[in-house]
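Participant: Before we start, here is the structure in question, set down as structure tokens.
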Amino acid sequence: FKATALANEAALGGRKGQEALTYVRELWRAQPPKTKRDWTRRAREAPPPPPPPKKPASWRNFFDGLGLIWRHAYVFNLLLISTLYEVVLTVLDFEMKVVGRARYGGDRRATEEFARLMGQFGILVNSTSFFFSLLGFSYVVRKLGLATTLLVFPVLCLTATLVCYVHPSLPTLFVATALLKALTYALNEPALEMLYLPTSTDIKFQAKAWIDVVGARTAKALGSAINDVVQGSPALRTRLPQYGNVPTFVVSLILLVVAVRMGRRYDDVSASGEVVGDAAAAPQGYELVEQPRSAATESASPFKRSLERLHSFDDDDSELDSVEGGEDPRR
């Protein structure tokens, strides 16, 4: 029957099914059908509900993600910890390439050797990232916890910056940059994704888009600006690794402080069960109400709960049988 199909769709969360089912119930209450055939015909002929009005696109909706970052300190710290390391990586990568080109020279043979060096760099980064993602990430998070795992990458950034400042050779820059890039993909970015777990849907989509796109590109542009200032000055160009690593050391210190605060804040939010930005995600005029659930309902799977909701419509079938027999179910 059409009514059963609408009930199934409503039980599984379909918005149109919910609206159509409400319309049919109100129609039945106003003029109850006499037979099941009359019920089926009326449900089939019921007009669909009007579509919801579309909200006009505006610049205000475009900047909603930026507003979420500004309003919530948790999300603002998430912006910092997700972008500041890009400054360090951009500067170290540029220093490695400049030192490598200066070592191999500018002839054809040197160009081939430098291309071979960059190929080895890619192999080292991707192989290290693959094996660490496969074997090391889950072990590190289980043993250290997320709050301590967030501190690993900033500490490595500080260490790499100091080592490259003291001994700015090509092997040092090669190993330090490759290690940091590999752990970016295998350790740091997966840990940062876990920080979005206690946030609302709007933060996961709107604010995260601003952080991943605008924030990351801005941080890379800042790192490139540092390289341009150092490389453009004749007095600083000859000692690029030393002068270029001074601002990256400061950025690494800021990144470490933010990581400490972010880890503590994440533990507090997880322990309290708070959802960051949940009130901001609620539409105006509505109130977030938590439905009371029993222990059995909480432990049941979503599919089992959907089946229980479908079985709740058996009472409606018994009412239909009584209608067919000539009895008004409302009495």
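So you can find residues: chains in the structure tokens are A, B, ... in the order shown, residues in each start at 1, and ligands are numbered from 1 in order.
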Neighbours of Thr218 in chain A within 10 Å (only C-alpha atoms; same-chain residues fewer than 4 positions away dropped), as a list of chain:residue names?

Facilitator: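 So, after excluding close chain neighbours, the residues are A:Thr83, A:Leu84, A:Glu86, A:Val87, A:Ile211, A:Val213, A:Val214, A:Leu222, A:Gly223, A:Ser224.
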
Participant: Output N, CA and C atoms for every residue in that selection, as an mmCIF file, in the first residue's frame.

Facilitator:
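part.cif, freshly written:
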```cif
data_model
loop_
_atom_site.group_PDB
_atom_site.id
_atom_site.type_symbol
_atom_site.label_atom_id
_atom_site.label_comp_id
_atom_site.auth_asym_id
_atom_site.auth_seq_id
_atom_site.Cartn_x
_atom_site.Cartn_y
_atom_site.Cartn_z
ATOM 1 N N THR A 83 47.430 25.209 10.396
ATOM 2 C CA THR A 83 48.037 26.010 9.335
ATOM 3 C C THR A 83 49.468 26.465 9.635
ATOM 4 N N LEU A 84 49.826 26.653 10.891
ATOM 5 C CA LEU A 84 51.141 27.233 11.194
ATOM 6 C C LEU A 84 52.293 26.350 10.731
ATOM 7 N N GLU A 86 52.588 24.804 8.081
ATOM 8 C CA GLU A 86 52.850 25.012 6.660
ATOM 9 C C GLU A 86 53.937 26.067 6.451
ATOM 10 N N VAL A 87 54.037 27.032 7.357
ATOM 11 C CA VAL A 87 55.093 28.043 7.253
ATOM 12 C C VAL A 87 56.455 27.386 7.391
ATOM 13 N N ILE A 211 39.389 26.643 6.887
ATOM 14 C CA ILE A 211 40.689 26.290 7.467
ATOM 15 C C ILE A 211 41.562 25.568 6.442
ATOM 16 N N VAL A 213 41.353 25.429 3.110
ATOM 17 C CA VAL A 213 41.635 26.118 1.848
ATOM 18 C C VAL A 213 42.282 27.476 2.103
ATOM 19 N N VAL A 214 41.554 28.370 2.731
ATOM 20 C CA VAL A 214 42.056 29.733 2.919
ATOM 21 C C VAL A 214 43.208 29.758 3.927
ATOM 22 N N LEU A 222 52.674 32.975 3.555
ATOM 23 C CA LEU A 222 53.531 33.604 4.556
ATOM 24 C C LEU A 222 54.931 33.005 4.532
ATOM 25 N N GLY A 223 55.014 31.678 4.406
ATOM 26 C CA GLY A 223 56.325 31.045 4.288
ATOM 27 C C GLY A 223 57.067 31.480 3.038
ATOM 28 N N SER A 224 56.356 31.619 1.926
ATOM 29 C CA SER A 224 56.988 32.096 0.695
ATOM 30 C C SER A 224 57.436 33.544 0.828
#
```

Participant: Taking only C-alpha atoms into account, produce a table as a tab-separated table in which each residue of range 155-236 of chain A with an atom at most 9 Å from an atom of range 256-264 of chain A appears once, together with its shortest atom pair and the distance in Å to one decimal, ordered by chain and rising number.

Facilitator:
```
residue	atom	partner	partner_atom	distance
A:Val155	CA	A:Leu256	CA	6.9
A:Leu158	CA	A:Leu256	CA	8.6
A:Leu195	CA	A:Met262	CA	8.7
```

Participant: Create the file for the chosen residues now, containing N, CA, C and O atoms and written as a compact mmCIF listing (two decimals), in the first residue's frame.

Facilitator:
```txt
# COMPACT_ATOMS: atom_id res chain seq x y z
N VAL A 155 57.16 19.59 18.35
CA VAL A 155 58.50 19.35 18.91
C VAL A 155 59.48 18.99 17.80
O VAL A 155 60.64 19.46 17.80
N LEU A 158 60.47 22.18 15.99
CA LEU A 158 61.48 22.92 16.75
C LEU A 158 62.85 22.29 16.61
O LEU A 158 63.86 22.97 16.38
N LEU A 195 40.26 16.08 15.85
CA LEU A 195 39.82 17.22 16.65
C LEU A 195 38.46 17.73 16.23
O LEU A 195 37.83 18.50 16.97
```

Participant: Tell me which protein, DNA and RNA residues are within 10 Å of Gly215 in chain A, counting only C-alpha atoms, leaving out same-chain ones fewer than 5 positions away, and put them as a ChimeraX atom specification.

Facilitator: /A:79-80,82-84,86,208-210,220-221

Participant: Could you name the residues that touch Gln206 in chain A at 8 Å or less, counting only C-alpha atoms, but leaving out those on the same chain fewer than 4 positions away, as a PyMOL selection string?

Facilitator: chain A and resi 64-66+202+210

Participant: When you draw a straight line from CA of Tyr185 in chain A to CA of Gly273 in chain A, how long is it in Å?

Facilitator: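 Calculated distance between CA of Tyr185 in chain A and CA of Gly273 in chain A is 28.7 Å.
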
Participant: Would you mind telling me which residue in A:Arg217, A:Arg116, A:Ala207, A:Asp93 lies nearest to Phe76 in chain A when using only C-alpha atoms?

Facilitator: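 Result for the nearest residue to Phe76 in chain A: A:Ala207.
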
Participant: Among range 25-225 of chain A, which ones does DSSP place in helix (DSSP H, G or I), written as an NGL selection string?

Facilitator: :A and (25-30 or 36-45 or 59-62 or 64-71 or 73-104 or 108-135 or 137-144 or 146-166 or 170-194 or 201-225)

Participant: Any idea what's packed within 10 Å of range 95-103 of chain A, counting only C-alpha atoms, ignoring anything in its chain fewer than 5 positions away? Could you give it as an MDAnalysis selection string?

Facilitator: chainID A and resid 89:90 110:111 113:115 117:118 164 168:177 227 231 240:242 244:245

Participant: Find, counting only C-alpha atoms, the residue in A:Leu144, A:Gly277, A:Gly119, A:Tyr74 that gets nearest to Arg265 in chain A.

Facilitator: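 Selected residue with least distance to Arg265 in chain A: A:Tyr74.
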
Participant: Which residue gives the smallest distance to Val269 in chain A among A:Ser252, A:Ser133, A:Ser233, A:Thr199, with only C-alpha atoms counted?

Facilitator: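 Smallest separation from Val269 in chain A among the options: A:Thr199.
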
Participant: Rounded to one decimal place, report the CA of Ala191 in chain A-CA of Ala216 in chain A distance in Å.

Facilitator: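 Atom-to-atom, CA of Ala191 in chain A to CA of Ala216 in chain A, that is 16.3 Å.
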
Participant: Which one is closest to Val275 in chain A: A:Pro234, A:Gly67, A:Pro51, A:Pro198? Count only C-alpha atoms.

Facilitator: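 Of A:Pro234, A:Gly67, A:Pro51, A:Pro198, the one nearest Val275 in chain A is A:Pro198, counting only C-alpha atoms.
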